[in-house]
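**Student:** My structure file protein-v4.cif, mmCIF, N, CA and C atoms, is below:
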data_work
loop_
_atom_site.label_atom_id
_atom_site.label_comp_id
_atom_site.auth_asym_id
_atom_site.auth_seq_id
_atom_site.Cartn_x
_atom_site.Cartn_y
_atom_site.Cartn_z
N MET A 300 -26.89 -29.36 -41.20
CA MET A 300 -28.23 -29.49 -40.64
C MET A 300 -28.15 -29.81 -39.15
N LEU A 301 -27.21 -30.68 -38.75
CA LEU A 301 -27.06 -31.03 -37.34
C LEU A 301 -26.72 -29.80 -36.51
N ILE A 302 -25.86 -28.95 -37.05
CA ILE A 302 -25.49 -27.73 -36.32
C ILE A 302 -26.70 -26.83 -36.13
N ALA A 303 -27.51 -26.70 -37.17
CA ALA A 303 -28.71 -25.87 -37.05
C ALA A 303 -29.65 -26.42 -35.98
N LEU A 304 -29.81 -27.73 -35.92
CA LEU A 304 -30.67 -28.33 -34.90
C LEU A 304 -30.10 -28.11 -33.51
N LEU A 305 -28.79 -28.22 -33.39
CA LEU A 305 -28.18 -27.98 -32.08
C LEU A 305 -28.40 -26.54 -31.63
N CYS A 306 -28.32 -25.61 -32.57
CA CYS A 306 -28.56 -24.21 -32.22
C CYS A 306 -30.00 -23.98 -31.77
N ILE A 307 -30.93 -24.64 -32.45
CA ILE A 307 -32.34 -24.46 -32.11
C ILE A 307 -32.66 -25.05 -30.74
N PHE A 308 -32.09 -26.20 -30.43
CA PHE A 308 -32.43 -26.89 -29.20
C PHE A 308 -31.47 -26.64 -28.05
N SER A 309 -30.47 -25.80 -28.27
CA SER A 309 -29.54 -25.48 -27.18
C SER A 309 -30.21 -24.53 -26.21
N PRO A 310 -30.01 -24.73 -24.92
CA PRO A 310 -30.58 -23.78 -23.96
C PRO A 310 -29.90 -22.43 -24.12
N PRO A 311 -30.61 -21.34 -23.83
CA PRO A 311 -29.99 -20.02 -23.96
C PRO A 311 -28.86 -19.86 -22.95
N ALA A 312 -27.88 -19.05 -23.34
CA ALA A 312 -26.76 -18.79 -22.44
C ALA A 312 -27.27 -18.07 -21.20
N ARG A 313 -26.77 -18.44 -20.06
CA ARG A 313 -27.19 -17.79 -18.82
C ARG A 313 -26.18 -16.71 -18.45
N PRO A 314 -26.67 -15.58 -17.94
CA PRO A 314 -25.74 -14.54 -17.51
C PRO A 314 -25.00 -14.98 -16.26
N ALA A 315 -23.87 -14.33 -16.03
CA ALA A 315 -23.09 -14.63 -14.83
C ALA A 315 -23.95 -14.38 -13.60
N GLN A 316 -23.76 -15.21 -12.59
CA GLN A 316 -24.56 -15.07 -11.37
C GLN A 316 -23.64 -14.95 -10.17
N ASP A 317 -24.15 -14.29 -9.13
CA ASP A 317 -23.38 -14.20 -7.90
C ASP A 317 -23.54 -15.49 -7.11
N GLN A 318 -23.01 -15.53 -5.91
CA GLN A 318 -23.01 -16.76 -5.11
C GLN A 318 -24.42 -17.17 -4.67
N LYS A 319 -25.37 -16.26 -4.67
CA LYS A 319 -26.74 -16.59 -4.28
C LYS A 319 -27.59 -16.98 -5.49
N GLY A 320 -26.98 -17.04 -6.69
CA GLY A 320 -27.72 -17.40 -7.88
C GLY A 320 -28.43 -16.24 -8.55
N GLN A 321 -28.21 -15.02 -8.05
CA GLN A 321 -28.83 -13.84 -8.64
C GLN A 321 -27.96 -13.33 -9.79
N PRO A 322 -28.56 -12.73 -10.82
CA PRO A 322 -27.75 -12.17 -11.89
C PRO A 322 -26.86 -11.06 -11.35
N GLU A 323 -25.62 -10.99 -11.84
CA GLU A 323 -24.72 -9.92 -11.43
C GLU A 323 -25.19 -8.62 -12.08
N LEU A 324 -25.38 -7.60 -11.27
CA LEU A 324 -25.83 -6.32 -11.78
C LEU A 324 -24.70 -5.63 -12.53
N ARG A 325 -25.06 -4.72 -13.41
CA ARG A 325 -24.04 -4.05 -14.20
C ARG A 325 -24.03 -2.56 -13.91
N THR A 326 -22.92 -1.93 -14.28
CA THR A 326 -22.72 -0.50 -14.10
C THR A 326 -22.34 0.10 -15.44
N VAL A 327 -22.92 1.26 -15.74
CA VAL A 327 -22.58 2.02 -16.94
C VAL A 327 -22.07 3.37 -16.47
N HIS A 328 -20.92 3.77 -16.96
CA HIS A 328 -20.34 5.04 -16.54
C HIS A 328 -19.49 5.61 -17.66
N GLY A 329 -19.10 6.85 -17.52
CA GLY A 329 -18.24 7.48 -18.52
C GLY A 329 -18.27 8.98 -18.37
N THR A 330 -17.98 9.65 -19.48
CA THR A 330 -17.97 11.11 -19.49
C THR A 330 -18.84 11.62 -20.62
N VAL A 331 -19.27 12.87 -20.45
CA VAL A 331 -19.96 13.59 -21.53
C VAL A 331 -18.94 14.60 -22.04
N ASP A 332 -18.66 14.52 -23.35
CA ASP A 332 -17.66 15.39 -23.97
C ASP A 332 -18.28 16.23 -25.08
N ASP A 333 -17.64 17.38 -25.35
CA ASP A 333 -18.06 18.16 -26.51
C ASP A 333 -17.33 17.63 -27.75
N LYS A 334 -17.54 18.28 -28.89
CA LYS A 334 -16.95 17.77 -30.14
C LYS A 334 -15.43 17.82 -30.13
N ASP A 335 -14.84 18.65 -29.25
CA ASP A 335 -13.38 18.74 -29.14
C ASP A 335 -12.84 17.86 -28.01
N GLU A 336 -13.67 16.96 -27.52
CA GLU A 336 -13.32 16.00 -26.47
C GLU A 336 -13.03 16.63 -25.11
N ASN A 337 -13.64 17.79 -24.86
CA ASN A 337 -13.55 18.42 -23.54
C ASN A 337 -14.77 17.99 -22.73
N PRO A 338 -14.58 17.68 -21.42
CA PRO A 338 -15.73 17.29 -20.60
C PRO A 338 -16.74 18.43 -20.48
N VAL A 339 -18.04 18.05 -20.40
CA VAL A 339 -19.11 19.04 -20.30
C VAL A 339 -19.86 18.81 -18.98
N PRO A 340 -19.47 19.58 -17.95
CA PRO A 340 -20.17 19.45 -16.66
C PRO A 340 -21.64 19.84 -16.78
N GLN A 341 -22.44 19.32 -15.85
CA GLN A 341 -23.86 19.64 -15.75
C GLN A 341 -24.70 19.16 -16.93
N SER A 342 -24.14 18.27 -17.75
CA SER A 342 -24.94 17.65 -18.81
C SER A 342 -25.93 16.69 -18.16
N VAL A 343 -27.07 16.50 -18.79
CA VAL A 343 -28.06 15.54 -18.28
C VAL A 343 -27.95 14.26 -19.11
N VAL A 344 -27.73 13.15 -18.43
CA VAL A 344 -27.61 11.85 -19.09
C VAL A 344 -28.91 11.09 -18.83
N TYR A 345 -29.50 10.57 -19.91
CA TYR A 345 -30.76 9.83 -19.84
C TYR A 345 -30.50 8.35 -20.11
N LEU A 346 -30.97 7.48 -19.22
CA LEU A 346 -30.86 6.04 -19.39
C LEU A 346 -32.27 5.46 -19.42
N LYS A 347 -32.66 4.89 -20.57
CA LYS A 347 -34.02 4.35 -20.72
C LYS A 347 -33.99 2.84 -20.80
N ASN A 348 -34.81 2.20 -19.95
CA ASN A 348 -35.00 0.75 -20.02
C ASN A 348 -35.94 0.51 -21.21
N VAL A 349 -35.46 -0.22 -22.21
CA VAL A 349 -36.24 -0.41 -23.44
C VAL A 349 -37.53 -1.17 -23.17
N LYS A 350 -37.50 -2.13 -22.25
CA LYS A 350 -38.68 -2.95 -21.98
C LYS A 350 -39.75 -2.18 -21.20
N THR A 351 -39.35 -1.54 -20.11
CA THR A 351 -40.33 -0.86 -19.26
C THR A 351 -40.57 0.60 -19.66
N GLN A 352 -39.68 1.15 -20.50
CA GLN A 352 -39.72 2.55 -20.91
C GLN A 352 -39.42 3.51 -19.76
N GLY A 353 -38.99 2.97 -18.61
CA GLY A 353 -38.60 3.80 -17.48
C GLY A 353 -37.30 4.54 -17.79
N VAL A 354 -37.21 5.79 -17.35
CA VAL A 354 -36.03 6.61 -17.62
C VAL A 354 -35.42 7.07 -16.30
N LYS A 355 -34.09 6.90 -16.21
CA LYS A 355 -33.32 7.44 -15.09
C LYS A 355 -32.47 8.56 -15.64
N THR A 356 -32.21 9.59 -14.82
CA THR A 356 -31.35 10.68 -15.25
C THR A 356 -30.21 10.85 -14.26
N TYR A 357 -29.13 11.43 -14.77
CA TYR A 357 -27.97 11.71 -13.95
C TYR A 357 -27.38 13.02 -14.46
N ILE A 358 -27.08 13.94 -13.56
CA ILE A 358 -26.43 15.19 -13.95
C ILE A 358 -24.93 15.01 -13.79
N ALA A 359 -24.22 15.16 -14.91
CA ALA A 359 -22.77 14.96 -14.90
C ALA A 359 -22.10 15.92 -13.92
N ASP A 360 -21.07 15.43 -13.25
CA ASP A 360 -20.37 16.25 -12.26
C ASP A 360 -19.45 17.27 -12.93
N ASP A 361 -18.62 17.93 -12.14
CA ASP A 361 -17.75 18.99 -12.65
C ASP A 361 -16.73 18.51 -13.67
N SER A 362 -16.46 17.19 -13.69
CA SER A 362 -15.52 16.64 -14.68
C SER A 362 -16.25 15.95 -15.83
N GLY A 363 -17.58 16.17 -15.92
CA GLY A 363 -18.37 15.59 -17.00
C GLY A 363 -18.66 14.12 -16.82
N THR A 364 -18.44 13.60 -15.61
CA THR A 364 -18.59 12.17 -15.35
C THR A 364 -20.02 11.83 -14.92
N TYR A 365 -20.50 10.66 -15.38
CA TYR A 365 -21.80 10.14 -14.97
C TYR A 365 -21.65 8.68 -14.58
N ARG A 366 -22.66 8.14 -13.87
CA ARG A 366 -22.61 6.74 -13.45
C ARG A 366 -24.02 6.23 -13.12
N PHE A 367 -24.36 5.07 -13.68
CA PHE A 367 -25.59 4.35 -13.33
C PHE A 367 -25.17 2.96 -12.88
N SER A 368 -25.61 2.53 -11.70
CA SER A 368 -25.25 1.21 -11.21
C SER A 368 -26.50 0.43 -10.84
N GLY A 369 -26.33 -0.86 -10.58
CA GLY A 369 -27.45 -1.70 -10.19
C GLY A 369 -28.38 -2.03 -11.35
N LEU A 370 -27.85 -2.04 -12.58
CA LEU A 370 -28.69 -2.30 -13.75
C LEU A 370 -28.82 -3.80 -14.02
N ASN A 371 -30.01 -4.21 -14.39
CA ASN A 371 -30.29 -5.61 -14.68
C ASN A 371 -29.58 -6.02 -15.97
N PRO A 372 -28.74 -7.04 -15.92
CA PRO A 372 -28.00 -7.46 -17.13
C PRO A 372 -28.90 -8.12 -18.17
N ASN A 373 -30.13 -8.47 -17.80
CA ASN A 373 -31.05 -9.12 -18.73
C ASN A 373 -31.97 -8.13 -19.44
N GLU A 374 -31.72 -6.85 -19.25
CA GLU A 374 -32.53 -5.80 -19.87
C GLU A 374 -31.67 -5.02 -20.87
N ASP A 375 -32.32 -4.48 -21.89
CA ASP A 375 -31.65 -3.59 -22.85
C ASP A 375 -31.92 -2.15 -22.43
N TYR A 376 -30.93 -1.29 -22.66
CA TYR A 376 -31.04 0.13 -22.29
C TYR A 376 -30.61 1.00 -23.46
N GLU A 377 -31.11 2.23 -23.47
CA GLU A 377 -30.64 3.25 -24.39
C GLU A 377 -30.15 4.42 -23.55
N ILE A 378 -29.04 5.03 -23.97
CA ILE A 378 -28.44 6.11 -23.20
C ILE A 378 -28.03 7.24 -24.13
N HIS A 379 -28.26 8.47 -23.68
CA HIS A 379 -27.76 9.63 -24.41
C HIS A 379 -27.63 10.80 -23.43
N ALA A 380 -26.93 11.84 -23.86
CA ALA A 380 -26.71 13.02 -23.03
C ALA A 380 -27.20 14.27 -23.75
N GLU A 381 -27.58 15.27 -22.95
CA GLU A 381 -28.00 16.56 -23.49
C GLU A 381 -27.39 17.67 -22.65
N HIS A 382 -27.08 18.78 -23.31
CA HIS A 382 -26.62 19.98 -22.61
C HIS A 382 -26.99 21.18 -23.48
N ASN A 383 -27.76 22.10 -22.90
CA ASN A 383 -28.29 23.25 -23.65
C ASN A 383 -28.98 22.75 -24.91
N ASP A 384 -28.54 23.16 -26.09
CA ASP A 384 -29.22 22.74 -27.33
C ASP A 384 -28.50 21.60 -28.04
N LEU A 385 -27.54 20.97 -27.36
CA LEU A 385 -26.79 19.87 -27.97
C LEU A 385 -27.19 18.53 -27.37
N THR A 386 -27.04 17.48 -28.18
CA THR A 386 -27.34 16.12 -27.72
C THR A 386 -26.31 15.15 -28.31
N SER A 387 -26.17 14.04 -27.66
CA SER A 387 -25.30 12.97 -28.18
C SER A 387 -26.15 11.99 -28.98
N SER A 388 -25.50 11.11 -29.69
CA SER A 388 -26.22 10.01 -30.33
C SER A 388 -26.74 9.08 -29.25
N VAL A 389 -27.83 8.38 -29.55
CA VAL A 389 -28.37 7.39 -28.63
C VAL A 389 -27.56 6.11 -28.79
N ARG A 390 -27.04 5.60 -27.68
CA ARG A 390 -26.27 4.36 -27.68
C ARG A 390 -27.11 3.27 -27.04
N THR A 391 -26.97 2.05 -27.51
CA THR A 391 -27.71 0.92 -26.97
C THR A 391 -26.80 0.06 -26.11
N ILE A 392 -27.31 -0.33 -24.96
CA ILE A 392 -26.61 -1.27 -24.08
C ILE A 392 -27.42 -2.55 -24.12
N SER A 393 -26.89 -3.56 -24.77
CA SER A 393 -27.62 -4.79 -25.04
C SER A 393 -27.49 -5.80 -23.91
N SER A 394 -28.54 -6.56 -23.70
CA SER A 394 -28.48 -7.65 -22.72
C SER A 394 -27.53 -8.74 -23.20
N TYR A 395 -27.20 -8.76 -24.48
CA TYR A 395 -26.24 -9.74 -25.02
C TYR A 395 -24.80 -9.35 -24.74
N ASP A 396 -24.58 -8.11 -24.31
CA ASP A 396 -23.25 -7.64 -23.95
C ASP A 396 -22.96 -8.15 -22.54
N SER A 397 -21.98 -9.02 -22.40
CA SER A 397 -21.74 -9.68 -21.11
C SER A 397 -20.91 -8.84 -20.13
N ARG A 398 -20.44 -7.68 -20.55
CA ARG A 398 -19.64 -6.85 -19.64
C ARG A 398 -20.49 -6.39 -18.46
N ARG A 399 -19.91 -6.38 -17.28
CA ARG A 399 -20.60 -5.90 -16.08
C ARG A 399 -20.25 -4.45 -15.78
N ASP A 400 -19.14 -3.98 -16.37
CA ASP A 400 -18.68 -2.61 -16.17
C ASP A 400 -18.48 -2.00 -17.55
N ILE A 401 -19.39 -1.12 -17.93
CA ILE A 401 -19.38 -0.56 -19.28
C ILE A 401 -19.02 0.92 -19.21
N ASN A 402 -17.99 1.30 -19.95
CA ASN A 402 -17.53 2.68 -19.98
C ASN A 402 -17.88 3.27 -21.35
N LEU A 403 -18.73 4.30 -21.37
CA LEU A 403 -19.15 4.93 -22.62
C LEU A 403 -18.89 6.43 -22.56
N VAL A 404 -18.24 6.96 -23.59
CA VAL A 404 -18.11 8.40 -23.76
C VAL A 404 -19.28 8.85 -24.62
N LEU A 405 -20.04 9.81 -24.11
CA LEU A 405 -21.17 10.37 -24.85
C LEU A 405 -20.75 11.72 -25.39
N LYS A 406 -20.68 11.84 -26.71
CA LYS A 406 -20.18 13.07 -27.34
C LYS A 406 -21.35 13.92 -27.81
N LEU A 407 -21.41 15.15 -27.30
CA LEU A 407 -22.43 16.10 -27.71
C LEU A 407 -22.06 16.59 -29.11
N SER A 408 -22.70 16.02 -30.12
CA SER A 408 -22.23 16.26 -31.49
C SER A 408 -23.23 16.95 -32.40
N HIS A 409 -24.48 17.07 -32.01
CA HIS A 409 -25.44 17.73 -32.89
C HIS A 409 -26.56 18.40 -32.09
N LYS A 410 -27.26 19.27 -32.77
CA LYS A 410 -28.36 19.99 -32.13
C LYS A 410 -29.50 19.03 -31.87
N LYS A 411 -30.29 19.30 -30.82
CA LYS A 411 -31.35 18.40 -30.39
C LYS A 411 -32.34 18.06 -31.48
N ASN A 412 -32.71 19.00 -32.33
CA ASN A 412 -33.74 18.74 -33.34
C ASN A 412 -33.19 18.09 -34.61
N GLU A 413 -31.91 17.69 -34.63
CA GLU A 413 -31.31 17.07 -35.82
C GLU A 413 -31.40 15.57 -35.84
N HIS A 414 -32.04 14.91 -34.86
CA HIS A 414 -32.10 13.44 -34.84
C HIS A 414 -32.66 12.98 -36.11
#
Would you mind writing the file's structure down as structure tokens?
**Tutor:**
Amino acid sequence: MLIALLCIFSPPARPAQDQKGQPELRTVHGTVDDKDENPVPQSVVYLKNVKTQGVKTYIADDSGTYRFSGLNPNEDYEIHAEHNDLTSSVRTISSYDSRRDINLVLKLSHKKNEH
């Protein structure tokens, strides 16, 4: 019972902060691959802020690489990639994930209308 009370009354964990007391921003990057793990250039990567519903896009470069930086560590995001009629699974980037540098491979594994 004491442990449960401590959990209820404990202050929430604070994210890492820079020297000015601001939350450290995070970066999400990786590659878009096909089912055979080959990079897929010119894929469109969608990053949605779950709270605001705002969406950022990035067109993967010639090596299938994408990058989003300056992301608020206190927000949750959803990310997926599309190319022609293929899409990747939607991945969640949680505010509870303390990593500041997140590397995700987005695999184009099914047709867009198969969600």
**Student:** Once you count only C-alpha atoms, what closest atom pair and distance in Å to one decimal does each residue of stretch 372-392 of chain A within 8 Å of stretch 343-354 of chain A have, with rows by chain and rising residue number, as a Markdown table?
**Tutor:**
| residue | atom | partner | partner_atom | distance |
| --- | --- | --- | --- | --- |
| A:Glu374 | CA | A:Asn348 | CA | 7.0 |
| A:Asp375 | CA | A:Val349 | CA | 5.6 |
| A:Tyr376 | CA | A:Asn348 | CA | 4.6 |
| A:Glu377 | CA | A:Lys347 | CA | 5.1 |
| A:Ile378 | CA | A:Leu346 | CA | 4.5 |
| A:His379 | CA | A:Tyr345 | CA | 5.5 |
| A:Ala380 | CA | A:Val344 | CA | 4.2 |
| A:Glu381 | CA | A:Val343 | CA | 5.3 |
| A:His382 | CA | A:Val343 | CA | 6.4 |
**Student:** Output the selection as a CSV table (one decimal), keeping the file's coordinate frame - N, CA and C atoms for each residue.
**Tutor:**
chain,number,residue,atom,x,y,z
A,374,GLU,N,-31.7,-6.8,-19.2
A,374,GLU,CA,-32.5,-5.8,-19.9
A,374,GLU,C,-31.7,-5.0,-20.9
A,375,ASP,N,-32.3,-4.5,-21.9
A,375,ASP,CA,-31.6,-3.6,-22.8
A,375,ASP,C,-31.9,-2.2,-22.4
A,376,TYR,N,-30.9,-1.3,-22.7
A,376,TYR,CA,-31.0,0.1,-22.3
A,376,TYR,C,-30.6,1.0,-23.5
A,377,GLU,N,-31.1,2.2,-23.5
A,377,GLU,CA,-30.6,3.2,-24.4
A,377,GLU,C,-30.2,4.4,-23.6
A,378,ILE,N,-29.0,5.0,-24.0
A,378,ILE,CA,-28.4,6.1,-23.2
A,378,ILE,C,-28.0,7.2,-24.1
A,379,HIS,N,-28.3,8.5,-23.7
A,379,HIS,CA,-27.8,9.6,-24.4
A,379,HIS,C,-27.6,10.8,-23.4
A,380,ALA,N,-26.9,11.8,-23.9
A,380,ALA,CA,-26.7,13.0,-23.0
A,380,ALA,C,-27.2,14.3,-23.8
A,381,GLU,N,-27.6,15.3,-23.0
A,381,GLU,CA,-28.0,16.6,-23.5
A,381,GLU,C,-27.4,17.7,-22.6
A,382,HIS,N,-27.1,18.8,-23.3
A,382,HIS,CA,-26.6,20.0,-22.6
A,382,HIS,C,-27.0,21.2,-23.5
**Student:** Could you tell me how far atom N of A:Val389 lies from atom N of A:Glu323, in Å and to one decimal?
**Tutor:**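 Between atom N of A:Val389 and atom N of A:Glu323 the gap works out to 26.3 Å.
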**Student:** Name the residues captured by the PyMOL selection byres ((chain A and resi 329-340) around 6) when it is applied to the shown file; answer as a list in words.
**Tutor:**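 Against this file, the PyMOL selection byres ((chain A and resi 329-340) around 6) returns the residues Val327, His328, Gln341, Ser342, Ala359, Asp360, Asp361, Ser362, Gly363, Thr364, Tyr365, Arg366, Asn402, Leu403, Val404, Leu405, Lys406, Leu407 and Ser408 of chain A.
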**Student:** Can I get the selection written as a PDB file, keeping the file's coordinate frame, with N, CA and C atoms?
**Tutor:**
ATOM      1  N   VAL A 327     -22.920   1.260 -15.740  1.00  0.00           N
ATOM      2  CA  VAL A 327     -22.580   2.020 -16.940  1.00  0.00           C
ATOM      3  C   VAL A 327     -22.070   3.370 -16.470  1.00  0.00           C
ATOM      4  N   HIS A 328     -20.920   3.770 -16.960  1.00  0.00           N
ATOM      5  CA  HIS A 328     -20.340   5.040 -16.540  1.00  0.00           C
ATOM      6  C   HIS A 328     -19.490   5.610 -17.660  1.00  0.00           C
ATOM      7  N   GLN A 341     -22.440  19.320 -15.850  1.00  0.00           N
ATOM      8  CA  GLN A 341     -23.860  19.640 -15.750  1.00  0.00           C
ATOM      9  C   GLN A 341     -24.700  19.160 -16.930  1.00  0.00           C
ATOM     10  N   SER A 342     -24.140  18.270 -17.750  1.00  0.00           N
ATOM     11  CA  SER A 342     -24.940  17.650 -18.810  1.00  0.00           C
ATOM     12  C   SER A 342     -25.930  16.690 -18.160  1.00  0.00           C
ATOM     13  N   ALA A 359     -24.220  15.160 -14.910  1.00  0.00           N
ATOM     14  CA  ALA A 359     -22.770  14.960 -14.900  1.00  0.00           C
ATOM     15  C   ALA A 359     -22.100  15.920 -13.920  1.00  0.00           C
ATOM     16  N   ASP A 360     -21.070  15.430 -13.250  1.00  0.00           N
ATOM     17  CA  ASP A 360     -20.370  16.250 -12.260  1.00  0.00           C
ATOM     18  C   ASP A 360     -19.450  17.270 -12.930  1.00  0.00           C
ATOM     19  N   ASP A 361     -18.620  17.930 -12.140  1.00  0.00           N
ATOM     20  CA  ASP A 361     -17.750  18.990 -12.650  1.00  0.00           C
ATOM     21  C   ASP A 361     -16.730  18.510 -13.670  1.00  0.00           C
ATOM     22  N   SER A 362     -16.460  17.190 -13.690  1.00  0.00           N
ATOM     23  CA  SER A 362     -15.520  16.640 -14.680  1.00  0.00           C
ATOM     24  C   SER A 362     -16.250  15.950 -15.830  1.00  0.00           C
ATOM     25  N   GLY A 363     -17.580  16.170 -15.920  1.00  0.00           N
ATOM     26  CA  GLY A 363     -18.370  15.590 -17.000  1.00  0.00           C
ATOM     27  C   GLY A 363     -18.660  14.120 -16.820  1.00  0.00           C
ATOM     28  N   THR A 364     -18.440  13.600 -15.610  1.00  0.00           N
ATOM     29  CA  THR A 364     -18.590  12.170 -15.350  1.00  0.00           C
ATOM     30  C   THR A 364     -20.020  11.830 -14.920  1.00  0.00           C
ATOM     31  N   TYR A 365     -20.500  10.660 -15.380  1.00  0.00           N
ATOM     32  CA  TYR A 365     -21.800  10.140 -14.970  1.00  0.00           C
ATOM     33  C   TYR A 365     -21.650   8.680 -14.580  1.00  0.00           C
ATOM     34  N   ARG A 366     -22.660   8.140 -13.870  1.00  0.00           N
ATOM     35  CA  ARG A 366     -22.610   6.740 -13.450  1.00  0.00           C
ATOM     36  C   ARG A 366     -24.020   6.230 -13.120  1.00  0.00           C
ATOM     37  N   ASN A 402     -17.990   1.300 -19.950  1.00  0.00           N
ATOM     38  CA  ASN A 402     -17.530   2.680 -19.980  1.00  0.00           C
ATOM     39  C   ASN A 402     -17.880   3.270 -21.350  1.00  0.00           C
ATOM     40  N   LEU A 403     -18.730   4.300 -21.370  1.00  0.00           N
ATOM     41  CA  LEU A 403     -19.150   4.930 -22.620  1.00  0.00           C
ATOM     42  C   LEU A 403     -18.890   6.430 -22.560  1.00  0.00           C
ATOM     43  N   VAL A 404     -18.240   6.960 -23.590  1.00  0.00           N
ATOM     44  CA  VAL A 404     -18.110   8.400 -23.760  1.00  0.00           C
ATOM     45  C   VAL A 404     -19.280   8.850 -24.620  1.00  0.00           C
ATOM     46  N   LEU A 405     -20.040   9.810 -24.110  1.00  0.00           N
ATOM     47  CA  LEU A 405     -21.170  10.370 -24.850  1.00  0.00           C
ATOM     48  C   LEU A 405     -20.750  11.720 -25.390  1.00  0.00           C
ATOM     49  N   LYS A 406     -20.680  11.840 -26.710  1.00  0.00           N
ATOM     50  CA  LYS A 406     -20.180  13.070 -27.340  1.00  0.00           C
ATOM     51  C   LYS A 406     -21.350  13.920 -27.810  1.00  0.00           C
ATOM     52  N   LEU A 407     -21.410  15.150 -27.300  1.00  0.00           N
ATOM     53  CA  LEU A 407     -22.430  16.100 -27.710  1.00  0.00           C
ATOM     54  C   LEU A 407     -22.060  16.590 -29.110  1.00  0.00           C
ATOM     55  N   SER A 408     -22.700  16.020 -30.120  1.00  0.00           N
ATOM     56  CA  SER A 408     -22.230  16.260 -31.490  1.00  0.00           C
ATOM     57  C   SER A 408     -23.230  16.950 -32.400  1.00  0.00           C
TER      58      SER A 408
END
**Student:** Taking into account all atoms listed in the file, which residue in the set A:Arg399, A:Asp384, A:Asn373, A:Ser393 is nearest to A:Lys411?
**Tutor:**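 Using all atoms listed in the file, A:Lys411 sits closest to A:Asp384.
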**Student:** Which polymer residues have any atom within 8 Å of an atom of A:Lys410, counting all atoms listed in the file, with same-chain residues fewer than 6 positions away left out, as an mmCIF file with N, CA and C atoms, keeping the file's coordinate frame?
**Tutor:**
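After the write, out_14.cif holds the following:
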data_model
loop_
_atom_site.group_PDB
_atom_site.id
_atom_site.type_symbol
_atom_site.label_atom_id
_atom_site.label_comp_id
_atom_site.auth_asym_id
_atom_site.auth_seq_id
_atom_site.Cartn_x
_atom_site.Cartn_y
_atom_site.Cartn_z
ATOM 1 N N ASN A 383 -27.760 22.100 -22.900
ATOM 2 C CA ASN A 383 -28.290 23.250 -23.650
ATOM 3 C C ASN A 383 -28.980 22.750 -24.910
ATOM 4 N N ASP A 384 -28.540 23.160 -26.090
ATOM 5 C CA ASP A 384 -29.220 22.740 -27.330
ATOM 6 C C ASP A 384 -28.500 21.600 -28.040
ATOM 7 N N LEU A 385 -27.540 20.970 -27.360
ATOM 8 C CA LEU A 385 -26.790 19.870 -27.970
ATOM 9 C C LEU A 385 -27.190 18.530 -27.370
ATOM 10 N N THR A 386 -27.040 17.480 -28.180
ATOM 11 C CA THR A 386 -27.340 16.120 -27.720
ATOM 12 C C THR A 386 -26.310 15.150 -28.310
ATOM 13 N N SER A 387 -26.170 14.040 -27.660
ATOM 14 C CA SER A 387 -25.300 12.970 -28.180
ATOM 15 C C SER A 387 -26.150 11.990 -28.980
#
**Student:** Can you measure atom N of A:Arg325 to atom C of A:Arg390 for me? One decimal in Å is fine.
**Tutor:**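 That distance, rounded to one decimal, is 15.9 Å.
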**Student:** Which residue is closest to A:Tyr395? Choose from A:Lys355, A:Phe367, A:Pro372, A:His409 and count all atoms listed in the file.
**Tutor:**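 Of A:Lys355, A:Phe367, A:Pro372, A:His409, the one nearest A:Tyr395 is A:Pro372, counting all atoms listed in the file.
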**Student:** Please, what distance in Å, to one decimal, runs between atom N of A:Leu370 and atom N of A:Ile392?
**Tutor:**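 These atoms are spaced 12.5 Å apart.
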**Student:** Which residue out of A:Ser368, A:Ser397, A:Asn412, A:Thr391 has the minimum interatomic distance to A:Thr326 when all atoms listed in the file are used?
**Tutor:**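 The shortest atom-to-atom distance to A:Thr326 comes from A:Ser368.
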**Student:** Could you put an axis-aligned box around every listed atom of stretch 326-339 of chain A, padded by 5 Å on each side, and send me its centre and edge lengths in Å to one decimal, as lines of an AutoDock Vina configuration file?
**Tutor:**
center_x = -17.9
center_y = 8.6
center_z = -22.1
size_x = 20.1
size_y = 31.0
size_z = 26.0
